[in-house]
$ cat protein_10.txt   # compact mmCIF, C-alpha atoms
# COMPACT_ATOMS: atom_id res chain seq x y z
CA MET A 9 -121.79 -43.36 29.30
CA PHE A 10 -122.21 -45.64 26.28
CA ARG A 11 -124.83 -43.27 24.84
CA ALA A 12 -122.34 -40.42 24.95
CA LEU A 13 -119.67 -42.46 23.14
CA LEU A 14 -121.96 -43.79 20.42
CA PRO A 15 -122.05 -40.60 18.25
CA ILE A 16 -118.27 -40.27 18.51
CA LEU A 17 -117.79 -43.91 17.52
CA LEU A 18 -120.12 -43.54 14.54
CA CYS A 19 -118.21 -40.46 13.34
CA LEU A 20 -114.89 -42.27 13.61
CA LEU A 21 -116.19 -45.29 11.68
CA SER A 22 -117.59 -43.16 8.85
CA ALA A 23 -114.54 -40.85 8.62
CA PRO A 24 -112.80 -42.75 5.78
CA LEU A 25 -115.88 -42.25 3.58
CA ALA A 26 -116.33 -38.60 4.49
CA SER A 27 -113.93 -37.34 1.82
CA ALA A 28 -114.56 -40.11 -0.71
CA GLN A 29 -116.80 -39.73 -3.75
CA LYS A 30 -119.60 -42.24 -3.49
CA VAL A 31 -121.55 -44.03 -6.21
CA TYR A 32 -125.03 -45.25 -5.28
CA ARG A 33 -127.31 -47.73 -7.00
CA GLY A 34 -130.21 -45.99 -8.77
CA THR A 35 -131.59 -42.92 -7.00
CA SER A 36 -130.57 -44.08 -3.54
CA SER A 37 -128.41 -42.19 -1.06
CA TYR A 38 -128.32 -44.94 1.58
CA THR A 39 -124.99 -46.33 2.72
CA SER A 40 -126.28 -49.85 2.05
CA ASP A 41 -126.68 -48.94 -1.65
CA ILE A 42 -123.12 -47.70 -2.23
CA VAL A 43 -121.72 -49.54 -5.24
CA CYS A 44 -118.22 -48.14 -4.77
CA ASN A 45 -116.35 -45.18 -3.37
CA ILE A 46 -113.51 -43.26 -4.99
CA LYS A 47 -110.68 -41.68 -3.06
CA ASP A 48 -107.30 -40.48 -4.31
CA GLY A 49 -107.93 -42.01 -7.75
CA LYS A 50 -108.69 -45.46 -6.35
CA VAL A 51 -112.07 -47.14 -6.72
CA TYR A 52 -112.92 -49.26 -3.69
CA LYS A 53 -115.55 -51.97 -3.48
CA GLY A 54 -118.69 -50.80 -1.66
CA THR A 55 -117.89 -48.74 1.44
CA SER A 56 -114.45 -50.26 1.96
CA SER A 57 -111.26 -48.25 2.25
CA TYR A 58 -108.90 -51.23 2.46
CA THR A 59 -106.08 -51.58 -0.06
CA ALA A 60 -107.16 -55.17 -0.71
CA ASP A 61 -110.55 -53.86 -1.92
CA VAL A 62 -109.20 -51.52 -4.61
CA LEU A 63 -110.95 -52.49 -7.85
CA VAL A 64 -109.14 -50.07 -10.18
CA ARG A 65 -106.84 -47.07 -10.00
CA PHE A 66 -107.19 -44.02 -12.25
CA ASP A 67 -104.36 -41.50 -12.70
CA GLY A 68 -106.25 -39.10 -14.98
CA THR A 69 -105.14 -40.81 -18.18
CA HIS A 70 -104.91 -44.55 -17.52
CA LEU A 71 -107.17 -46.98 -15.68
CA TYR A 72 -105.18 -49.77 -14.00
CA ARG A 73 -106.30 -53.17 -12.75
CA GLY A 74 -106.49 -53.19 -8.93
CA ASN A 75 -103.98 -51.01 -7.14
CA SER A 76 -101.35 -51.50 -9.83
CA SER A 77 -99.28 -48.84 -11.57
CA TYR A 78 -97.64 -51.19 -14.09
CA SER A 79 -98.20 -50.40 -17.76
CA SER A 80 -99.04 -54.08 -18.35
CA ASP A 81 -102.08 -53.63 -16.06
CA ILE A 82 -103.65 -50.74 -17.99
CA ILE A 83 -107.29 -51.58 -18.77
CA MET A 84 -108.30 -48.35 -20.55
CA THR A 85 -106.78 -45.04 -21.64
CA TRP A 86 -108.48 -41.61 -21.71
CA ARG A 87 -107.38 -39.20 -24.41
CA ASP A 88 -109.22 -36.24 -25.95
CA GLY A 89 -112.66 -37.39 -24.81
CA LYS A 90 -112.18 -40.93 -26.07
CA ILE A 91 -111.75 -44.18 -24.16
CA TYR A 92 -109.27 -46.60 -25.73
CA ARG A 93 -108.77 -50.29 -25.06
CA GLY A 94 -105.64 -50.89 -22.95
CA ARG A 95 -102.69 -48.63 -23.81
CA SER A 96 -103.77 -48.17 -27.42
CA SER A 97 -104.26 -44.86 -29.17
CA TYR A 98 -105.54 -46.37 -32.42
CA GLN A 99 -108.90 -45.25 -33.76
CA SER A 100 -109.89 -48.90 -34.15
CA ASP A 101 -109.49 -49.38 -30.38
CA VAL A 102 -111.87 -46.61 -29.32
CA LEU A 103 -114.40 -48.12 -26.93
CA ALA A 104 -116.43 -44.96 -26.33
CA THR A 105 -116.54 -41.21 -26.97
CA TRP A 106 -117.56 -38.57 -24.42
CA ARG A 107 -119.35 -35.51 -25.77
CA ASP A 108 -121.66 -32.95 -24.10
CA GLY A 109 -122.44 -35.09 -21.04
CA LYS A 110 -123.17 -38.20 -23.10
CA MET A 111 -121.15 -41.37 -23.65
CA TYR A 112 -121.37 -42.77 -27.19
CA ASP A 113 -120.48 -46.27 -28.30
CA GLY A 114 -117.15 -46.33 -30.15
CA THR A 115 -116.56 -43.25 -32.31
CA SER A 116 -120.25 -42.77 -33.04
CA SER A 117 -122.11 -39.50 -32.65
CA TYR A 118 -125.56 -40.94 -33.40
CA GLN A 119 -128.27 -40.49 -30.82
CA SER A 120 -129.11 -44.20 -31.08
CA ASP A 121 -125.55 -45.03 -29.93
CA ILE A 122 -125.71 -43.13 -26.63
CA LEU A 123 -124.75 -45.49 -23.82
CA PHE A 124 -125.54 -43.14 -20.93
CA THR A 125 -126.12 -39.49 -20.05
CA TYR A 126 -124.48 -37.88 -17.00
CA ARG A 127 -126.25 -34.80 -15.68
CA GLY A 128 -126.54 -33.34 -12.19
CA ASN A 129 -124.68 -36.25 -10.54
CA LYS A 130 -127.16 -38.72 -12.04
CA VAL A 131 -126.32 -41.34 -14.65
CA TYR A 132 -129.26 -42.01 -16.96
CA ARG A 133 -129.83 -44.95 -19.28
CA LYS A 134 -129.13 -43.99 -22.90
CA ASN A 135 -130.53 -40.53 -23.72
CA ASP A 136 -133.41 -40.67 -21.20
CA THR A 137 -133.50 -38.15 -18.37
CA TYR A 138 -136.51 -39.63 -16.60
CA GLN A 139 -136.36 -40.49 -12.91
CA SER A 140 -137.07 -44.14 -13.80
CA SER A 141 -133.99 -44.23 -16.07
CA ILE A 142 -131.44 -43.39 -13.37
CA LEU A 143 -128.78 -46.09 -13.17
CA LEU A 144 -126.41 -44.49 -10.65
CA THR A 145 -126.26 -41.43 -8.41
CA THR A 146 -122.92 -39.88 -7.48
CA SER A 147 -122.10 -37.75 -4.46
CA SER A 148 -120.03 -35.42 -6.67
CA GLN A 149 -118.76 -35.24 -10.25
CA ILE A 150 -116.93 -38.38 -11.34
CA HIS A 151 -114.73 -38.80 -14.39
CA PRO A 152 -116.60 -40.25 -17.41
CA LEU A 153 -114.03 -43.06 -17.82
CA LEU A 154 -114.83 -44.35 -14.34
CA LEU A 155 -118.57 -44.25 -15.08
CA TYR A 156 -117.98 -46.14 -18.33
CA TRP A 157 -115.96 -48.76 -16.47
CA LEU A 158 -118.67 -49.12 -13.82
CA LEU A 159 -121.45 -49.52 -16.38
CA ARG A 160 -119.71 -51.73 -18.95
$ encode --input "protein_10.txt" --output "structure tokens"
Amino acid sequence: MFRALLPILLCLLSAPLASAQKVYRGTSSYTSDIVCNIKDGKVYKGTSSYTADVLVRFDGTHLYRGNSSYSSDIIMTWRDGKIYRGRSSYQSDVLATWRDGKMYDGTSSYQSDILFTYRGNKVYRKNDTYQSSILLTTSSQIHPLLLYWLLR
């Protein structure tokens, strides 16, 4: 009887992660290597789906500390392919610029200032696209601001 219930129990336990985007360490796809999971704009620690384990919340424009929605808890702002510090929109507060699948430091467009490359659900170190340069693997496309936050 227990053998018949085991597959059902395993499905029920993994159900919260079934619709979540997952971020894995390196090239892994093992559950034990999940760095975080993203569901409904909330980034949860590891495989958790508990409200207490929300690291940040992203509404498409602003990244908030924890599960907050208060403007005082804005960590970063996304606007026109640029990531700004806090709620700022000043050029001097640009942390990074997203262009053609690459994240550049500040407002730079120099190849030497590439922080990471995101291609085919793989995040590569700098401008490398070698298997050995994979920092993270995602289960589906993830917003560049969230990747920047994870890798900062």
$ closest_residue --input "protein_10.txt" --among "A:Ile82, A:Asn75, A:Asn129, A:Ile46" --to "Thr59 (chain A)" --atoms "all atoms listed in the file"
A:Asn75
$ closest_residue --input "protein_10.txt" --among "A:Ser120, A:Leu159, A:Leu154, A:Arg133" --to "Ile83 (chain A)" --atoms "all atoms listed in the file"
A:Leu154
$ axis_aligned_box --input "protein_10.txt" --around "region 133-143 of chain A" --padding-each-side "6 Å" --output "JSON"
{"center_x": -132.9, "center_y": -42.1, "center_z": -18.3, "size_x": 20.3, "size_y": 19.9, "size_z": 22.8}
$ residues_around --input "protein_10.txt" --residues "Ser40 (chain A)" --least-positions-apart "2" --cutoff "12 Å" --atoms "only C-alpha atoms" --output "PyMOL selection string"
chain A and resi 30-33+36-38+42-44+54-56
$ closest_residue --input "protein_10.txt" --among "A:Gln139, A:Thr85, A:Gln149, A:Gln29" --to "Val102 (chain A)" --atoms "all atoms listed in the file"
A:Thr85
$ closest_residue --input "protein_10.txt" --among "A:Tyr126, A:Trp86, A:Trp106, A:Tyr112" --to "Ile142 (chain A)" --atoms "only C-alpha atoms"
A:Tyr126
$ atom_distance --input "protein_10.txt" --atom1 "CA of Thr125 (chain A)" --atom2 "CA of Ser77 (chain A)"
29.7 Å
$ residues_around --input "protein_10.txt" --residues "Gln99 (chain A)" --least-positions-apart "3" --cutoff "12 Å" --atoms "all atoms listed in the file" --output "mmCIF file with C-alpha atoms, keeping the file's coordinate frame"
data_model
loop_
_atom_site.group_PDB
_atom_site.id
_atom_site.type_symbol
_atom_site.label_atom_id
_atom_site.label_comp_id
_atom_site.auth_asym_id
_atom_site.auth_seq_id
_atom_site.Cartn_x
_atom_site.Cartn_y
_atom_site.Cartn_z
ATOM 1 C CA ARG A 87 -107.380 -39.200 -24.410
ATOM 2 C CA ASP A 88 -109.220 -36.240 -25.950
ATOM 3 C CA LYS A 90 -112.180 -40.930 -26.070
ATOM 4 C CA ILE A 91 -111.750 -44.180 -24.160
ATOM 5 C CA TYR A 92 -109.270 -46.600 -25.730
ATOM 6 C CA ARG A 93 -108.770 -50.290 -25.060
ATOM 7 C CA SER A 96 -103.770 -48.170 -27.420
ATOM 8 C CA VAL A 102 -111.870 -46.610 -29.320
ATOM 9 C CA LEU A 103 -114.400 -48.120 -26.930
ATOM 10 C CA ALA A 104 -116.430 -44.960 -26.330
ATOM 11 C CA THR A 105 -116.540 -41.210 -26.970
ATOM 12 C CA GLY A 114 -117.150 -46.330 -30.150
ATOM 13 C CA THR A 115 -116.560 -43.250 -32.310
ATOM 14 C CA SER A 116 -120.250 -42.770 -33.040
#
$ closest_residue --input "protein_10.txt" --among "A:Tyr98, A:Phe66, A:Tyr58, A:Tyr138" --to "Leu155 (chain A)" --atoms "all atoms listed in the file"
A:Phe66
$ residues_around --input "protein_10.txt" --residues "Ser80 (chain A)" --least-positions-apart "6" --cutoff "12 Å" --atoms "all atoms listed in the file" --output "list of chain:residue names"
A:His70, A:Leu71, A:Tyr72, A:Arg73, A:Gly94, A:Arg95, A:Ser96
$ residues_near_point --input "protein_10.txt" --point "(-127.8, -48.1, -22.1)" --cutoff "8 Å" --atoms "only C-alpha atoms" --output "list of chain:residue names"
A:Ile122, A:Leu123, A:Phe124, A:Arg133, A:Lys134
$ atom_distance --input "protein_10.txt" --atom1 "CA of Asn45 (chain A)" --atom2 "CA of Ser147 (chain A)"
9.5 Å
$ residues_around --input "protein_10.txt" --residues "Asp48 (chain A)" --least-positions-apart "3" --cutoff "9 Å" --atoms "only C-alpha atoms" --output "ChimeraX atom specification"
/A:28,51,65-67
$ write_last_selection --input "protein_10.txt" --atoms "C-alpha atoms" --output "compact mmCIF listing (two decimals), keeping the file's coordinate frame"
# COMPACT_ATOMS: atom_id res chain seq x y z
CA ALA A 28 -114.56 -40.11 -0.71
CA VAL A 51 -112.07 -47.14 -6.72
CA ARG A 65 -106.84 -47.07 -10.00
CA PHE A 66 -107.19 -44.02 -12.25
CA ASP A 67 -104.36 -41.50 -12.70
